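J.: File run_22.txt follows (compact mmCIF, C-alpha atoms):
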# COMPACT_ATOMS: atom_id res chain seq x y z
CA MET O 881 155.05 -7.73 32.43
CA SER O 882 151.31 -8.37 32.17
CA ALA O 883 149.64 -11.76 32.56
CA LEU O 884 148.52 -11.46 28.94
CA ALA O 885 152.13 -11.24 27.75
CA THR O 886 153.11 -14.22 29.92
CA TRP O 887 150.32 -16.39 28.50
CA GLY O 888 151.13 -15.17 25.00
CA GLY O 889 154.69 -16.34 25.63
CA VAL O 890 153.50 -19.71 26.95
CA THR O 891 151.28 -20.08 23.86
CA ALA O 892 154.27 -19.37 21.59
CA ILE O 893 156.39 -21.96 23.48
CA VAL O 894 153.65 -24.62 23.28
CA LEU O 895 152.91 -24.01 19.58
CA SER O 896 156.60 -24.05 18.54
CA ALA O 897 157.43 -27.10 20.66
CA THR O 898 154.41 -28.99 19.31
CA ALA O 899 155.19 -28.07 15.69
CA GLY O 900 158.80 -29.24 16.27
CA ASP O 901 157.74 -32.55 17.84
CA ILE O 902 155.15 -33.30 15.15
CA LEU O 903 157.58 -32.53 12.30
CA GLN O 904 160.31 -34.68 13.86
CA ALA O 905 157.94 -37.57 14.55
CA SER O 906 156.70 -37.34 10.97
CA ALA O 907 160.31 -37.26 9.64
CA MET O 908 161.33 -40.29 11.70
CA ARG O 909 158.26 -42.21 10.58
CA GLU O 910 159.13 -41.39 6.95
CA ILE O 911 162.73 -42.58 7.40
CA GLY O 912 161.65 -45.81 9.08
CA ASP O 913 163.14 -48.00 11.82
CA LEU O 914 166.61 -46.56 12.55
CA GLY O 915 167.81 -49.88 14.05
CA VAL O 916 167.01 -51.73 10.82
CA LEU O 917 168.60 -48.96 8.72
CA ARG O 918 171.77 -48.96 10.84
CA ARG O 919 172.19 -52.73 10.57
CA SER O 920 171.79 -52.68 6.78
CA GLN O 921 173.59 -49.44 5.84
CA GLY O 922 175.70 -48.35 8.82
CA LEU O 923 175.56 -45.46 11.30
CA ALA O 924 176.90 -42.83 8.86
CA ALA O 925 173.99 -43.51 6.51
CA VAL O 926 171.52 -43.12 9.40
CA VAL O 927 173.01 -39.75 10.39
CA ARG O 928 172.98 -38.58 6.75
CA ARG O 929 169.36 -39.65 6.23
CA VAL O 930 168.18 -37.87 9.37
CA ALA O 931 170.29 -34.71 8.96
CA THR O 932 169.20 -34.19 5.34
CA ASN O 933 165.48 -34.78 5.90
CA PRO O 934 163.65 -31.45 5.21
CA ARG O 935 160.90 -32.14 7.75
CA PHE O 936 163.48 -32.95 10.42
CA LEU O 937 165.34 -29.69 9.69
CA LEU O 938 162.11 -27.66 9.78
CA GLY O 939 161.33 -29.37 13.10
CA MET O 940 164.71 -28.25 14.45
CA ILE O 941 163.92 -24.64 13.44
CA PHE O 942 160.61 -24.78 15.35
CA MET O 943 162.37 -26.32 18.37
CA THR O 944 164.89 -23.47 18.30
CA CYS O 945 162.01 -20.93 18.16
CA GLY O 946 160.44 -22.74 21.13
CA PHE O 947 163.70 -22.54 23.08
CA PHE O 948 164.10 -18.80 22.50
CA SER O 949 160.41 -18.15 23.30
CA LEU O 950 161.06 -19.98 26.58
CA LEU O 951 164.11 -17.84 27.35
CA ILE O 952 162.24 -14.61 26.55
CA THR O 953 159.13 -15.62 28.52
CA LEU O 954 161.30 -16.60 31.50
CA SER O 955 162.61 -13.04 31.59
CA TRP O 956 159.00 -11.80 32.09
CA ALA O 957 157.60 -14.39 34.47
CA ASP O 958 158.61 -16.93 37.12
CA VAL O 959 159.97 -20.30 36.04
CA SER O 960 157.51 -21.92 38.49
CA VAL O 961 154.64 -20.69 36.29
CA VAL O 962 156.16 -20.87 32.81
CA GLY O 963 157.88 -24.28 33.24
CA PRO O 964 154.93 -26.43 34.34
CA ALA O 965 152.39 -24.55 32.23
CA SER O 966 154.35 -24.97 29.00
CA ALA O 967 155.50 -28.57 29.68
CA SER O 968 152.06 -29.92 30.54
CA LEU O 969 150.20 -27.94 27.84
CA THR O 970 152.75 -29.23 25.28
CA PHE O 971 151.84 -32.82 26.26
CA VAL O 972 148.16 -32.13 25.60
CA ALA O 973 148.78 -30.11 22.40
CA ASN O 974 151.01 -32.92 21.06
CA ALA O 975 148.33 -35.53 21.65
CA ILE O 976 145.71 -33.43 19.80
CA ALA O 977 148.12 -32.62 16.93
CA ALA O 978 149.34 -36.24 16.62
CA HIS O 979 145.71 -37.35 16.35
CA LEU O 980 144.76 -34.70 13.75
CA LEU O 981 147.98 -34.41 11.71
CA LEU O 982 149.81 -37.74 12.11
CA HIS O 983 146.54 -39.74 12.26
CA GLU O 984 147.72 -41.65 15.30
CA HIS O 985 145.01 -43.70 16.99
CA VAL O 986 144.79 -41.96 20.37
CA SER O 987 142.78 -44.47 22.39
CA ARG O 988 141.02 -43.65 25.68
CA ARG O 989 143.95 -45.34 27.37
CA ARG O 990 146.41 -42.94 25.68
CA TRP O 991 144.25 -39.88 26.48
CA ALA O 992 144.21 -40.98 30.11
CA ALA O 993 148.01 -41.37 30.02
CA VAL O 994 148.44 -37.89 28.51
CA VAL O 995 146.15 -36.26 31.10
CA PHE O 996 147.81 -38.04 34.05
CA VAL O 997 151.32 -37.21 32.81
CA ALA O 998 150.40 -33.56 32.09
CA ALA O 999 148.86 -33.15 35.58
CA GLY O 1000 151.83 -34.92 37.17
CA VAL O 1001 154.38 -32.77 35.33
CA ALA O 1002 152.50 -29.60 36.36
CA LEU O 1003 152.65 -30.66 40.04
CA LEU O 1004 156.31 -31.76 39.78
CA ALA O 1005 157.56 -28.59 38.17
CA MET O 1006 155.67 -26.15 40.45
CA MET Y 154 157.30 -55.03 21.56
CA SER Y 155 160.81 -56.40 21.89
CA PHE Y 156 163.08 -56.08 24.93
CA ARG Y 157 165.45 -53.95 22.82
CA LYS Y 158 162.68 -51.35 22.30
CA TYR Y 159 161.88 -51.11 26.01
CA LEU Y 160 165.63 -50.68 26.53
CA VAL Y 161 165.66 -47.73 24.08
CA LEU Y 162 162.66 -46.10 25.86
CA GLY Y 163 164.40 -46.58 29.22
CA ALA Y 164 167.59 -45.04 27.80
CA VAL Y 165 165.61 -41.96 26.57
CA ALA Y 166 164.36 -41.36 30.13
CA VAL Y 167 167.74 -41.99 31.82
CA PHE Y 168 169.68 -39.76 29.40
CA ALA Y 169 167.10 -36.93 29.66
CA ALA Y 170 167.05 -36.94 33.46
CA SER Y 171 170.81 -37.36 34.02
CA GLY Y 172 171.61 -34.76 31.33
CA ASP Y 173 169.35 -32.14 32.94
CA VAL Y 174 170.67 -32.89 36.43
CA CYS Y 175 174.28 -32.49 35.20
CA LEU Y 176 173.39 -29.13 33.61
CA ALA Y 177 171.68 -28.00 36.81
CA ARG Y 178 174.72 -29.11 38.88
CA GLY Y 179 177.08 -27.29 36.51
CA MET Y 180 175.07 -24.05 36.52
CA ARG Y 181 175.24 -23.99 40.34
CA ASP Y 182 178.91 -23.11 39.99
CA PHE Y 183 177.98 -19.95 38.09
CA GLY Y 184 174.88 -18.47 39.68
CA ALA Y 185 172.36 -16.41 37.73
CA VAL Y 186 173.28 -15.73 34.10
CA SER Y 187 171.70 -12.74 32.35
CA LEU Y 188 171.77 -11.56 28.76
CA ALA Y 189 174.02 -8.70 29.92
CA ASN Y 190 176.56 -11.28 31.10
CA ILE Y 191 176.99 -13.57 28.08
CA SER Y 192 180.66 -14.25 28.90
CA GLY Y 193 179.47 -16.12 32.02
CA LEU Y 194 177.50 -18.44 29.75
CA LEU Y 195 180.58 -19.10 27.58
CA ALA Y 196 182.64 -19.94 30.69
CA ALA Y 197 179.89 -22.39 31.68
CA LEU Y 198 180.53 -24.32 28.46
CA LEU Y 199 183.96 -25.33 29.83
CA ASN Y 200 182.56 -26.69 33.11
CA PRO Y 201 182.95 -30.53 33.27
CA TRP Y 202 179.35 -30.97 34.55
CA ILE Y 203 177.99 -28.88 31.66
CA ILE Y 204 180.08 -30.84 29.13
CA LEU Y 205 178.85 -34.15 30.59
CA GLY Y 206 175.28 -32.81 30.57
CA ILE Y 207 175.51 -31.80 26.90
CA LEU Y 208 176.96 -35.24 25.95
CA LEU Y 209 174.13 -36.98 27.82
CA LEU Y 210 171.52 -34.76 26.11
CA ILE Y 211 173.01 -35.63 22.69
CA CYS Y 212 172.56 -39.32 23.64
CA PHE Y 213 169.00 -38.46 24.71
CA PHE Y 214 168.23 -36.89 21.34
CA ALA Y 215 169.66 -39.89 19.40
CA THR Y 216 167.65 -42.44 21.42
CA TYR Y 217 164.51 -40.24 21.27
CA LEU Y 218 164.70 -40.08 17.45
CA THR Y 219 165.30 -43.86 17.34
CA ALA Y 220 162.14 -44.43 19.41
CA LEU Y 221 160.14 -42.12 17.11
CA SER Y 222 161.31 -44.18 14.13
CA TRP Y 223 159.20 -47.15 15.29
CA ALA Y 224 156.67 -45.74 17.75
CA ASP Y 225 153.91 -43.08 17.78
CA LEU Y 226 154.60 -39.65 19.27
CA THR Y 227 151.62 -40.18 21.63
CA TYR Y 228 153.37 -43.37 22.81
CA VAL Y 229 156.95 -42.08 23.15
CA LEU Y 230 156.14 -38.84 25.03
CA PRO Y 231 154.08 -40.37 27.88
CA ALA Y 232 156.22 -43.56 28.04
CA THR Y 233 159.44 -41.59 28.51
CA ALA Y 234 157.85 -39.14 30.97
CA ILE Y 235 159.27 -41.39 33.70
CA SER Y 236 162.32 -39.14 33.21
CA TYR Y 237 160.49 -36.45 35.27
CA VAL Y 238 160.31 -38.93 38.14
CA LEU Y 239 164.01 -39.86 37.75
CA MET Y 240 164.88 -36.18 37.66
CA ALA Y 241 163.01 -35.49 40.93
CA LEU Y 242 164.73 -38.46 42.60
CA LEU Y 243 168.18 -37.47 41.28
CA ALA Y 244 167.58 -33.85 42.36
CA GLN Y 245 166.77 -35.13 45.85
CA GLN Y 246 169.70 -37.56 46.09
CA VAL Y 247 172.48 -35.77 44.17
CA LEU Y 248 171.59 -32.08 44.39
CA HIS Y 249 169.88 -32.38 47.82
CA GLU Y 250 166.80 -30.48 46.63
CA HIS Y 251 163.67 -30.76 48.75
CA VAL Y 252 160.91 -32.98 47.27
CA SER Y 253 157.59 -31.73 48.67
CA THR Y 254 154.33 -33.69 49.10
CA ARG Y 255 152.96 -31.93 46.02
CA ARG Y 256 155.94 -33.27 44.00
CA TRP Y 257 155.41 -36.81 45.33
CA ILE Y 258 151.76 -36.61 44.14
CA GLY Y 259 153.10 -35.42 40.75
CA ILE Y 260 155.49 -38.41 40.66
CA ALA Y 261 152.60 -40.79 41.37
CA LEU Y 262 150.45 -39.26 38.57
CA VAL Y 263 153.29 -39.43 36.00
CA THR Y 264 154.03 -43.06 36.94
CA LEU Y 265 150.34 -43.91 36.54
CA GLY Y 266 150.25 -42.27 33.10
CA VAL Y 267 153.41 -44.10 31.99
CA GLY Y 268 151.92 -47.41 33.11
CA PHE Y 269 148.74 -46.70 31.12
CA VAL Y 270 150.48 -46.05 27.81
CA ALA Y 271 153.40 -48.50 28.05
CA GLY Y 272 151.10 -51.54 28.12
CA GLY Y 273 149.35 -50.51 24.87
CA PRO Y 274 150.44 -50.68 21.20
CA GLU Y 275 153.41 -48.52 20.16
CA ARG Y 276 152.34 -47.88 16.56
CA THR Y 277 148.80 -47.28 15.32
CA THR Y 278 149.40 -45.93 11.81
CA ARG Y 279 149.91 -47.83 8.58
CA GLU Y 280 153.01 -47.04 6.51
CA LYS Y 281 153.24 -47.44 2.76
CA HIS Y 282 156.99 -47.62 2.62
CA LEU Y 283 158.09 -49.70 5.59
CA LYS Y 284 160.83 -51.96 4.39
CA SER Y 285 160.96 -54.37 7.32
CA GLY Y 286 158.39 -56.70 8.82
CA THR Y 287 157.40 -54.13 11.44
CA GLU Y 288 154.08 -53.32 9.75
CA GLU Y 289 152.45 -56.68 10.48
CA ARG Y 290 153.85 -56.64 13.98
CA SER Y 291 152.64 -53.19 14.88
CA PHE Y 292 149.22 -53.92 13.43
CA ALA Y 293 148.87 -57.10 15.46
CA GLY Y 294 149.82 -54.97 18.46
CA ALA Y 295 147.34 -52.24 17.59
CA ALA Y 296 144.47 -54.70 17.21
CA GLY Y 297 145.37 -56.36 20.49
CA GLY Y 298 145.55 -53.06 22.34
CA ARG Y 299 142.08 -51.87 21.33
CA GLN Y 300 139.44 -53.38 23.54
Would you put the structure from the file into structure tokens?

T.:
Amino acid sequence: MSALATWGGVTAIVLSATAGDILQASAMREIGDLGVLRRSQGLAAVVRRVATNPRFLLGMIFMTCGFFSLLITLSWADVSVVGPASASLTFVANAIAAHLLLHEHVSRRRWAAVVFVAAGVALLAM
Amino acid sequence: MSFRKYLVLGAVAVFAASGDVCLARGMRDFGAVSLANISGLLAALLNPWIILGILLLICFFATYLTALSWADLTYVLPATAISYVLMALLAQQVLHEHVSTRRWIGIALVTLGVGFVAGGPERTTREKHLKSGTEERSFAGAAGGRQ
């Protein structure tokens, strides 16, 4: 399979994984501190709140798409390319998306952390 | 940030790494699985290592969601990336995989990144509907973390 197809696959993995992470983070922020909720309403209420949250469920759908894009891309290209490339690019894409969509304050310190972790993961997974 | 929260972040990393290592150990018993050989994948689901791995990954997901309920995504992801380091160490010790110099450099970079983010504030956004006293706390933390 061509390099273009491989990078198209990696792009699909990164975009789906990032969409899934952002939606889940947004859902959990909306629900609020799970520890506080569990102490006041019990574990069953926590599970119900999470499992019936539309954003959480949409996040799960994107994560599933990401998983299948990974499986398909792995059948075209080596895991030593697809694994590190998608894991480290997802770190960077998540930081950008969290800044733009979740309005998180991504300080220079956090950018540095994201870049170091992404580079480290790329080296580890190769 | 309280000790309990650091404990949750630590648990995310430990569950992620041990879950993946159990899956990897279990799949060794089966060899390569292809789409033409789906029955092999179903047999894998009965392997004790795979079952343990799945249980650990369910624990990972529960602790990961708990962490996201009080911390930013750009805090949780780098802070729990220490799981990649744990995974490399477990792979070396338990699965006897070779950890090359390049991987050790990767481990050092991930550790550095985790150290950078873990010392900062865990929440930098204001919530309208937070019911507990976490809003004041996270804002005090955010102000303190910004130099």

J.: Work out how far CA of Cys175 in chain Y is from CA of Gln246 in chain Y, in Å to one decimal.

T.: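 Calculated distance between CA of Gln246 in chain Y and CA of Cys175 in chain Y is 12.9 Å.
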
J.: With all atoms listed in the file as the atoms that count, which of Y:Thr277, Y:Thr233, Y:Asp225, Y:Leu265 lies nearest to Ser906 in chain O?

T.: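 Result for the nearest residue to Ser906 in chain O: Y:Asp225.
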
J.: What does the distance between CA of Ala899 in chain O and CA of Arg935 in chain O come to in Å, to one decimal place?

T.: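 Straight-line distance from CA of Ala899 in chain O to CA of Arg935 in chain O works out to 10.6 Å.
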
J.: May I have the residues of chain O within 8 Å of chain Y, counting only C-alpha atoms, written as an NGL selection string?

T.: :O and (901-902 or 904-905 or 908-916 or 971 or 974-975 or 978 or 983-987 or 989-990 or 992-1006)

J.: Give me, as a PyMOL selection string, all polymer residues having an atom no more than 8 Å from Ser966 in chain O, counting all atoms listed in the file and skipping those fewer than 6 positions away in the same chain.

T.: chain O and resi 890-891+893-894

J.: Next, the residues of the selection above should be written as an mmCIF file, in the coordinates of the input with C-alpha atoms.

T.:
data_model
loop_
_atom_site.group_PDB
_atom_site.id
_atom_site.type_symbol
_atom_site.label_atom_id
_atom_site.label_comp_id
_atom_site.auth_asym_id
_atom_site.auth_seq_id
_atom_site.Cartn_x
_atom_site.Cartn_y
_atom_site.Cartn_z
ATOM 1 C CA VAL O 890 153.500 -19.710 26.950
ATOM 2 C CA THR O 891 151.280 -20.080 23.860
ATOM 3 C CA ILE O 893 156.390 -21.960 23.480
ATOM 4 C CA VAL O 894 153.650 -24.620 23.280
#

J.: Find the spatial neighbours of range 938-954 of chain O, counting all atoms listed in the file, within a cut-off of 7 Å - ignore same-chain residues fewer than 3 positions away - and output them as a ChimeraX atom specification.

T.: /O:886,889,892-893,896-897,899-901,903-904,934-935,957-959,962

J.: For CA of Val926 in chain O and CA of Leu198 in chain Y, determine how far apart the two atoms are, in Å to one decimal place.

T.: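 Rounded to one decimal, the two atoms are 28.2 Å apart.
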
J.: For range 945-955 of chain O, what centre and edge lengths in Å (one decimal) does the axis-aligned box get once 5 Å is added on each side of all its listed atoms, as AutoDock Vina command-line options?

T.:
--center_x 161.6 --center_y -17.9 --center_z 24.9 --size_x 15.0 --size_y 19.7 --size_z 23.4
